[in-house]
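**Student:** Take this structure, written in structure tokens, and hold onto it; I'll ask about it next.
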Amino acid sequence: HLVRRIPNGPVLHVVYKNQNNDPRQDTLWNTLADAAALVLPYMEKTFGNYPYKQYSFVHGGDGGMEYPMATLLSGPGLGGAFHEWMHSWYQGMLGTNESMYAWMDEGFTSYAEHRVTAYYRREMLRLHPDDKGLEGQVEEDRTKLPIDHTQAYQIYFGLVKSGLEEPLTTHADHFNTNYAYDIGSYFKGEIFMDQLGYIVGDSVRDRILHEYYREWRFKHPNANDFIRLAEKVSGVKLDWYKEYWIGTTKTIDYGIDSLWEDGGKTRIRLRKVGYMPMPIDVLVQYKDGSKELAYI
């Protein structure tokens with residue numbers, strides 16, 4: 001039974017079994033306890049305060065499963081621990097109906113997990129700059145989960161290519177395949193938040209996250225509640241984004257159609273390959289190496 005007391009915050013408990021008296025298991029579970037204490041200030045700063053007096057990581061179950069103020073973990077992987085703890089925000093305090101809006105629970109939680117993971121990695125490398133083996137150790141302790149949203153995009157692309165994707169408005173019990181439910185809820189839901197930052201700007205997206213926590217904590221928000229709040233905070237019309245990304249399986253895909261010279265000027269024609277509209281950033285690099293960014 002490991003305990004970490006956070007000044008002016010909760011008491012963190014880690015309860016695990018080491019049946020074979022493996023010293024490595026003791027090290028990994030202690031690493032989890034230390035990691036939880038390290039990332040909590042970042043979690044609260046980014047997603048809102050954790051209001052309860054304790055949180056417990058309990059060795060058990062068949063993977064990771066969130067509960068109020070606790071999670072079961074089958075092992076000491078940090079990615080799983082961060083994910084289940086972030087459920088305290090989206091499954092717990094915000095009370096998202098996971099049957100109706102799984103992408104708002106699992107998706108937002110996965111998005112938060114990878115931001116917390118990236119913060120932890122940066123802090124470990126900052127605190128131990130001379131530890132040449134830390135890079136690999138951090139990756140291993142994180143059960144090889146990514147530190148950004150790249151994996152989410154790759155897995156989502158696989159779902160699209162499979163032809164099995166279904167709209168995220170589908171009730172969790174009514175998906176034709178668990179594959180479509182799983183990838184859509186976790187990964188397309190994660191990308192929803194990442195793409196929202198692309199549309200309104202990362203700093204505005206972070207303000208949306210804070211205001212969402214402040215206004216809708218303990219009130220069970222639905223998809224319209226979140227989008228309306230995002231519109232208020234950003235000043236940007238966003239109902240189109242929700243309707244396309246959540247209500248359809250249309251994809252974002254733009255490309256260069258053609259390039260030609262016209263009266264001494266270079267003309268570039270873009271082509272919308274997919275059926276979902278999005279704002280476009282076009283980076284032009286000139287022969288002299290200079291670059292110019294055009295926003296459309």
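In the structure tokens, chains take the letters A, B, ... in the order shown, each chain's residues start at 1, and ligands count up from 1 in the order shown.
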Residues of segment 163-270 of chain A classed as alpha helix (DSSP H) by DSSP on the backbone are to be reported as an mmCIF file with N, CA, C and O atoms, in the first residue's frame.
**Tutor:**
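The resulting file, result.cif, is shown below:
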```
data_model
loop_
_atom_site.group_PDB
_atom_site.id
_atom_site.type_symbol
_atom_site.label_atom_id
_atom_site.label_comp_id
_atom_site.auth_asym_id
_atom_site.auth_seq_id
_atom_site.Cartn_x
_atom_site.Cartn_y
_atom_site.Cartn_z
ATOM 1 N N ASN A 178 -18.066 -3.977 -32.691
ATOM 2 C CA ASN A 178 -17.358 -3.382 -31.571
ATOM 3 C C ASN A 178 -16.169 -2.565 -32.062
ATOM 4 O O ASN A 178 -15.775 -1.584 -31.428
ATOM 5 N N TYR A 179 -15.614 -2.977 -33.200
ATOM 6 C CA TYR A 179 -14.489 -2.250 -33.808
ATOM 7 C C TYR A 179 -14.887 -0.805 -34.107
ATOM 8 O O TYR A 179 -14.170 0.132 -33.754
ATOM 9 N N ALA A 180 -16.050 -0.625 -34.732
ATOM 10 C CA ALA A 180 -16.507 0.730 -35.071
ATOM 11 C C ALA A 180 -16.791 1.534 -33.810
ATOM 12 O O ALA A 180 -16.458 2.725 -33.734
ATOM 13 N N TYR A 181 -17.400 0.890 -32.812
ATOM 14 C CA TYR A 181 -17.668 1.595 -31.546
ATOM 15 C C TYR A 181 -16.360 2.001 -30.872
ATOM 16 O O TYR A 181 -16.190 3.149 -30.455
ATOM 17 N N ASP A 182 -15.455 1.067 -30.759
ATOM 18 C CA ASP A 182 -14.223 1.286 -30.007
ATOM 19 C C ASP A 182 -13.377 2.385 -30.638
ATOM 20 O O ASP A 182 -12.979 3.344 -29.970
ATOM 21 N N ILE A 183 -13.110 2.273 -31.935
ATOM 22 C CA ILE A 183 -12.240 3.240 -32.604
ATOM 23 C C ILE A 183 -12.925 4.600 -32.674
ATOM 24 O O ILE A 183 -12.301 5.642 -32.462
ATOM 25 N N GLY A 189 -13.167 10.410 -31.179
ATOM 26 C CA GLY A 189 -13.509 11.376 -30.135
ATOM 27 C C GLY A 189 -12.305 12.191 -29.695
ATOM 28 O O GLY A 189 -12.405 13.389 -29.437
ATOM 29 N N GLU A 190 -11.144 11.542 -29.614
ATOM 30 C CA GLU A 190 -9.899 12.250 -29.280
ATOM 31 C C GLU A 190 -9.554 13.268 -30.366
ATOM 32 O O GLU A 190 -9.183 14.412 -30.076
ATOM 33 N N ILE A 191 -9.690 12.849 -31.624
ATOM 34 C CA ILE A 191 -9.377 13.742 -32.734
ATOM 35 C C ILE A 191 -10.345 14.918 -32.770
ATOM 36 O O ILE A 191 -9.967 16.025 -33.171
ATOM 37 N N PHE A 192 -11.591 14.706 -32.341
ATOM 38 C CA PHE A 192 -12.562 15.808 -32.281
ATOM 39 C C PHE A 192 -11.980 16.988 -31.507
ATOM 40 O O PHE A 192 -12.064 18.137 -31.942
ATOM 41 N N MET A 193 -11.368 16.710 -30.357
ATOM 42 C CA MET A 193 -10.824 17.785 -29.531
ATOM 43 C C MET A 193 -9.565 18.376 -30.148
ATOM 44 O O MET A 193 -9.331 19.589 -30.085
ATOM 45 N N ASP A 194 -8.754 17.532 -30.779
ATOM 46 C CA ASP A 194 -7.541 18.027 -31.419
ATOM 47 C C ASP A 194 -7.889 18.916 -32.608
ATOM 48 O O ASP A 194 -7.287 19.980 -32.801
ATOM 49 N N GLN A 195 -8.854 18.503 -33.414
ATOM 50 C CA GLN A 195 -9.268 19.304 -34.563
ATOM 51 C C GLN A 195 -9.976 20.591 -34.131
ATOM 52 O O GLN A 195 -9.888 21.611 -34.811
ATOM 53 N N LEU A 196 -10.665 20.538 -33.000
ATOM 54 C CA LEU A 196 -11.281 21.763 -32.469
ATOM 55 C C LEU A 196 -10.206 22.810 -32.197
ATOM 56 O O LEU A 196 -10.386 24.001 -32.488
ATOM 57 N N GLY A 197 -9.066 22.363 -31.663
ATOM 58 C CA GLY A 197 -7.940 23.272 -31.457
ATOM 59 C C GLY A 197 -7.405 23.821 -32.758
ATOM 60 O O GLY A 197 -6.958 24.969 -32.834
ATOM 61 N N TYR A 198 -7.451 23.011 -33.821
ATOM 62 C CA TYR A 198 -7.012 23.478 -35.153
ATOM 63 C C TYR A 198 -7.934 24.593 -35.646
ATOM 64 O O TYR A 198 -7.487 25.554 -36.263
ATOM 65 N N ILE A 199 -9.227 24.475 -35.371
ATOM 66 C CA ILE A 199 -10.201 25.449 -35.869
ATOM 67 C C ILE A 199 -10.143 26.755 -35.084
ATOM 68 O O ILE A 199 -10.079 27.842 -35.662
ATOM 69 N N VAL A 200 -10.174 26.682 -33.760
ATOM 70 C CA VAL A 200 -10.297 27.899 -32.941
ATOM 71 C C VAL A 200 -8.961 28.350 -32.361
ATOM 72 O O VAL A 200 -8.868 29.458 -31.823
ATOM 73 N N ASP A 202 -5.282 26.559 -30.230
ATOM 74 C CA ASP A 202 -5.063 25.724 -29.053
ATOM 75 C C ASP A 202 -5.380 26.447 -27.747
ATOM 76 O O ASP A 202 -5.958 25.868 -26.824
ATOM 77 N N SER A 203 -4.992 27.720 -27.639
ATOM 78 C CA SER A 203 -5.234 28.450 -26.387
ATOM 79 C C SER A 203 -6.724 28.647 -26.153
ATOM 80 O O SER A 203 -7.198 28.562 -25.013
ATOM 81 N N VAL A 204 -7.482 28.886 -27.220
ATOM 82 C CA VAL A 204 -8.935 29.033 -27.084
ATOM 83 C C VAL A 204 -9.555 27.691 -26.724
ATOM 84 O O VAL A 204 -10.466 27.610 -25.892
ATOM 85 N N ARG A 205 -9.085 26.613 -27.350
ATOM 86 C CA ARG A 205 -9.572 25.283 -27.006
ATOM 87 C C ARG A 205 -9.359 24.985 -25.515
ATOM 88 O O ARG A 205 -10.223 24.412 -24.862
ATOM 89 N N ASP A 206 -8.216 25.405 -24.982
ATOM 90 C CA ASP A 206 -7.963 25.180 -23.565
ATOM 91 C C ASP A 206 -8.905 26.004 -22.694
ATOM 92 O O ASP A 206 -9.328 25.555 -21.622
ATOM 93 N N ARG A 207 -9.258 27.205 -23.128
ATOM 94 C CA ARG A 207 -10.256 27.993 -22.402
ATOM 95 C C ARG A 207 -11.617 27.309 -22.445
ATOM 96 O O ARG A 207 -12.376 27.323 -21.474
ATOM 97 N N ILE A 208 -11.929 26.688 -23.570
ATOM 98 C CA ILE A 208 -13.178 25.936 -23.689
ATOM 99 C C ILE A 208 -13.206 24.796 -22.681
ATOM 100 O O ILE A 208 -14.224 24.554 -22.016
ATOM 101 N N LEU A 209 -12.089 24.077 -22.550
ATOM 102 C CA LEU A 209 -12.018 22.971 -21.595
ATOM 103 C C LEU A 209 -12.272 23.451 -20.171
ATOM 104 O O LEU A 209 -12.994 22.809 -19.399
ATOM 105 N N HIS A 210 -11.681 24.583 -19.809
ATOM 106 C CA HIS A 210 -11.875 25.129 -18.462
ATOM 107 C C HIS A 210 -13.318 25.554 -18.246
ATOM 108 O O HIS A 210 -13.914 25.277 -17.200
ATOM 109 N N GLU A 211 -13.879 26.247 -19.225
ATOM 110 C CA GLU A 211 -15.247 26.735 -19.072
ATOM 111 C C GLU A 211 -16.243 25.575 -19.073
ATOM 112 O O GLU A 211 -17.252 25.621 -18.376
ATOM 113 N N TYR A 212 -15.961 24.561 -19.852
ATOM 114 C CA TYR A 212 -16.795 23.349 -19.868
ATOM 115 C C TYR A 212 -16.837 22.724 -18.477
ATOM 116 O O TYR A 212 -17.912 22.371 -17.974
ATOM 117 N N TYR A 213 -15.679 22.608 -17.847
ATOM 118 C CA TYR A 213 -15.602 22.079 -16.483
ATOM 119 C C TYR A 213 -16.364 22.979 -15.519
ATOM 120 O O TYR A 213 -17.144 22.501 -14.684
ATOM 121 N N ARG A 214 -16.168 24.288 -15.634
ATOM 122 C CA ARG A 214 -16.785 25.218 -14.685
ATOM 123 C C ARG A 214 -18.307 25.247 -14.804
ATOM 124 O O ARG A 214 -19.027 25.219 -13.811
ATOM 125 N N GLU A 215 -18.785 25.275 -16.046
ATOM 126 C CA GLU A 215 -20.227 25.471 -16.255
ATOM 127 C C GLU A 215 -21.029 24.186 -16.187
ATOM 128 O O GLU A 215 -22.186 24.194 -15.767
ATOM 129 N N TRP A 216 -20.443 23.049 -16.578
ATOM 130 C CA TRP A 216 -21.228 21.834 -16.713
ATOM 131 C C TRP A 216 -20.864 20.736 -15.725
ATOM 132 O O TRP A 216 -21.396 19.630 -15.811
ATOM 133 N N ALA A 223 -24.078 16.713 -26.293
ATOM 134 C CA ALA A 223 -23.221 17.233 -27.358
ATOM 135 C C ALA A 223 -23.549 18.688 -27.682
ATOM 136 O O ALA A 223 -22.645 19.501 -27.911
ATOM 137 N N ASN A 224 -24.834 19.029 -27.712
ATOM 138 C CA ASN A 224 -25.219 20.408 -28.011
ATOM 139 C C ASN A 224 -24.743 21.376 -26.930
ATOM 140 O O ASN A 224 -24.360 22.506 -27.221
ATOM 141 N N ASP A 225 -24.770 20.916 -25.673
ATOM 142 C CA ASP A 225 -24.296 21.767 -24.574
ATOM 143 C C ASP A 225 -22.819 22.104 -24.765
ATOM 144 O O ASP A 225 -22.398 23.251 -24.568
ATOM 145 N N PHE A 226 -22.036 21.099 -25.132
ATOM 146 C CA PHE A 226 -20.606 21.350 -25.317
ATOM 147 C C PHE A 226 -20.352 22.297 -26.481
ATOM 148 O O PHE A 226 -19.563 23.244 -26.358
ATOM 149 N N ILE A 227 -21.017 22.062 -27.611
ATOM 150 C CA ILE A 227 -20.769 22.895 -28.785
ATOM 151 C C ILE A 227 -21.228 24.322 -28.550
ATOM 152 O O ILE A 227 -20.548 25.286 -28.941
ATOM 153 N N ARG A 228 -22.360 24.499 -27.895
ATOM 154 C CA ARG A 228 -22.838 25.863 -27.632
ATOM 155 C C ARG A 228 -21.859 26.607 -26.742
ATOM 156 O O ARG A 228 -21.579 27.787 -26.955
ATOM 157 N N LEU A 229 -21.323 25.921 -25.726
ATOM 158 C CA LEU A 229 -20.331 26.550 -24.863
ATOM 159 C C LEU A 229 -19.075 26.888 -25.659
ATOM 160 O O LEU A 229 -18.512 27.978 -25.496
ATOM 161 N N ALA A 230 -18.633 25.979 -26.523
ATOM 162 C CA ALA A 230 -17.442 26.231 -27.338
ATOM 163 C C ALA A 230 -17.661 27.437 -28.242
ATOM 164 O O ALA A 230 -16.733 28.225 -28.468
ATOM 165 N N GLU A 231 -18.869 27.613 -28.750
ATOM 166 C CA GLU A 231 -19.176 28.771 -29.585
ATOM 167 C C GLU A 231 -19.111 30.065 -28.779
ATOM 168 O O GLU A 231 -18.591 31.082 -29.244
ATOM 169 N N LYS A 232 -19.629 30.028 -27.560
ATOM 170 C CA LYS A 232 -19.609 31.220 -26.706
ATOM 171 C C LYS A 232 -18.180 31.638 -26.380
ATOM 172 O O LYS A 232 -17.836 32.820 -26.414
ATOM 173 N N VAL A 233 -17.341 30.667 -26.040
ATOM 174 C CA VAL A 233 -15.967 30.969 -25.646
ATOM 175 C C VAL A 233 -15.139 31.433 -26.842
ATOM 176 O O VAL A 233 -14.354 32.385 -26.737
ATOM 177 N N SER A 234 -15.324 30.796 -27.981
ATOM 178 C CA SER A 234 -14.477 31.076 -29.141
ATOM 179 C C SER A 234 -15.011 32.193 -30.021
ATOM 180 O O SER A 234 -14.237 32.831 -30.757
ATOM 181 N N ASP A 239 -21.552 24.619 -35.039
ATOM 182 C CA ASP A 239 -22.535 23.545 -35.179
ATOM 183 C C ASP A 239 -22.235 22.677 -36.405
ATOM 184 O O ASP A 239 -22.441 21.461 -36.395
ATOM 185 N N TRP A 240 -21.698 23.294 -37.470
ATOM 186 C CA TRP A 240 -21.325 22.540 -38.668
ATOM 187 C C TRP A 240 -20.275 21.479 -38.354
ATOM 188 O O TRP A 240 -20.307 20.369 -38.895
ATOM 189 N N TYR A 241 -19.327 21.848 -37.464
ATOM 190 C CA TYR A 241 -18.255 20.919 -37.119
ATOM 191 C C TYR A 241 -18.842 19.696 -36.418
ATOM 192 O O TYR A 241 -18.509 18.550 -36.756
ATOM 193 N N LYS A 242 -19.706 19.919 -35.442
ATOM 194 C CA LYS A 242 -20.331 18.788 -34.735
ATOM 195 C C LYS A 242 -21.152 17.936 -35.694
ATOM 196 O O LYS A 242 -21.067 16.700 -35.664
ATOM 197 N N GLU A 243 -21.940 18.571 -36.547
ATOM 198 C CA GLU A 243 -22.823 17.813 -37.431
ATOM 199 C C GLU A 243 -22.028 16.925 -38.391
ATOM 200 O O GLU A 243 -22.372 15.768 -38.612
ATOM 201 N N TYR A 244 -20.958 17.461 -38.973
ATOM 202 C CA TYR A 244 -20.160 16.670 -39.909
ATOM 203 C C TYR A 244 -19.358 15.589 -39.187
ATOM 204 O O TYR A 244 -19.324 14.427 -39.604
ATOM 205 N N TRP A 245 -18.657 15.971 -38.107
ATOM 206 C CA TRP A 245 -17.692 15.057 -37.471
ATOM 207 C C TRP A 245 -18.389 13.989 -36.646
ATOM 208 O O TRP A 245 -17.932 12.848 -36.578
ATOM 209 N N ILE A 246 -19.515 14.344 -36.018
ATOM 210 C CA ILE A 246 -20.207 13.420 -35.128
ATOM 211 C C ILE A 246 -21.385 12.748 -35.827
ATOM 212 O O ILE A 246 -21.645 11.569 -35.632
ATOM 213 N N GLY A 247 -22.104 13.502 -36.652
ATOM 214 C CA GLY A 247 -23.332 12.993 -37.248
ATOM 215 C C GLY A 247 -23.162 12.298 -38.581
ATOM 216 O O GLY A 247 -24.123 11.742 -39.116
#
```
**Student:** Just list the residues in segment 87-289 of chain A DSSP gives strand (DSSP E) on the backbone, as a tab-separated table (two decimals) with C-alpha atoms, in the first residue's frame.
**Tutor:**
```
chain	number	residue	atom	x	y	z
A	254	TYR	CA	-7.78	18.27	-49.34
A	255	GLY	CA	-5.07	18.21	-51.97
A	256	ILE	CA	-3.28	20.21	-54.66
A	257	ASP	CA	-5.32	19.98	-57.87
A	258	SER	CA	-2.98	21.86	-60.19
A	259	LEU	CA	-0.27	24.53	-60.40
A	260	TRP	CA	0.44	26.80	-63.37
A	261	GLU	CA	1.87	30.15	-64.44
A	262	ASP	CA	-0.47	32.97	-65.41
A	265	LYS	CA	2.29	34.69	-61.36
A	266	THR	CA	2.00	31.19	-60.00
A	267	ARG	CA	-1.56	29.93	-59.55
A	268	ILE	CA	-2.44	27.05	-57.24
A	269	ARG	CA	-5.79	25.31	-57.34
A	270	LEU	CA	-6.82	23.23	-54.32
A	271	ARG	CA	-9.18	20.29	-54.53
A	272	LYS	CA	-11.61	19.08	-51.85
A	281	ASP	CA	-3.60	26.21	-43.99
A	282	VAL	CA	-1.42	26.23	-47.13
A	283	LEU	CA	2.34	26.60	-46.62
A	284	VAL	CA	4.16	27.89	-49.71
A	285	GLN	CA	7.94	27.57	-49.87
```
**Student:** Segment 156-227 of chain A near segment 100-105 of chain A within 8 Å: what's each residue's closest atom pair and its distance in Å to one decimal, counting only C-alpha atoms, ordered by chain then ascending residue number, as a Markdown table?
**Tutor:**
```
| residue | atom | partner | partner_atom | distance |
| --- | --- | --- | --- | --- |
| A:Leu168 | CA | A:Trp103 | CA | 7.0 |
| A:Thr169 | CA | A:Tyr101 | CA | 7.3 |
| A:Thr170 | CA | A:Met100 | CA | 7.5 |
| A:His171 | CA | A:Met100 | CA | 5.2 |
| A:Ala172 | CA | A:Met100 | CA | 6.4 |
| A:Gly184 | CA | A:Trp103 | CA | 7.1 |
| A:Ser185 | CA | A:Trp103 | CA | 4.2 |
| A:Tyr186 | CA | A:Trp103 | CA | 6.2 |
| A:Lys188 | CA | A:Trp103 | CA | 7.3 |
| A:Gly189 | CA | A:Trp103 | CA | 4.4 |
| A:Glu190 | CA | A:Trp103 | CA | 7.6 |
| A:Asn222 | CA | A:Tyr101 | CA | 7.2 |
| A:Ala223 | CA | A:Tyr101 | CA | 7.3 |
```
**Student:** Ranking A:Ile296, A:Val3, A:Met65, A:Ile280 by minimum distance to Trp85 of chain A and counting only C-alpha atoms, which one comes first?
**Tutor:**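 Comparing A:Ile296, A:Val3, A:Met65, A:Ile280 against Trp85 of chain A, the winner is A:Met65.
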**Student:** Mind checking which residues fall within 12 Å of segment 33-42 of chain A, counting only C-alpha atoms, ignoring those fewer than 5 positions away in the same chain, and posting them as number ranges by chain?
**Tutor:** A: 1-16, 26-28, 47-51, 54-58, 76-86, 112-124, 127, 138, 141-142
**Student:** Set the distance at 10 Å and use only C-alpha atoms: which residues neighbour Gln25 of chain A once local chain neighbours fewer than 6 positions away are removed? I'd like the list as a list of chain:residue names.
**Tutor:**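 Here the answer would be A:Tyr16, A:Lys17, A:Asn18, A:Gln19, A:Thr31, A:Gly75, A:Pro76.
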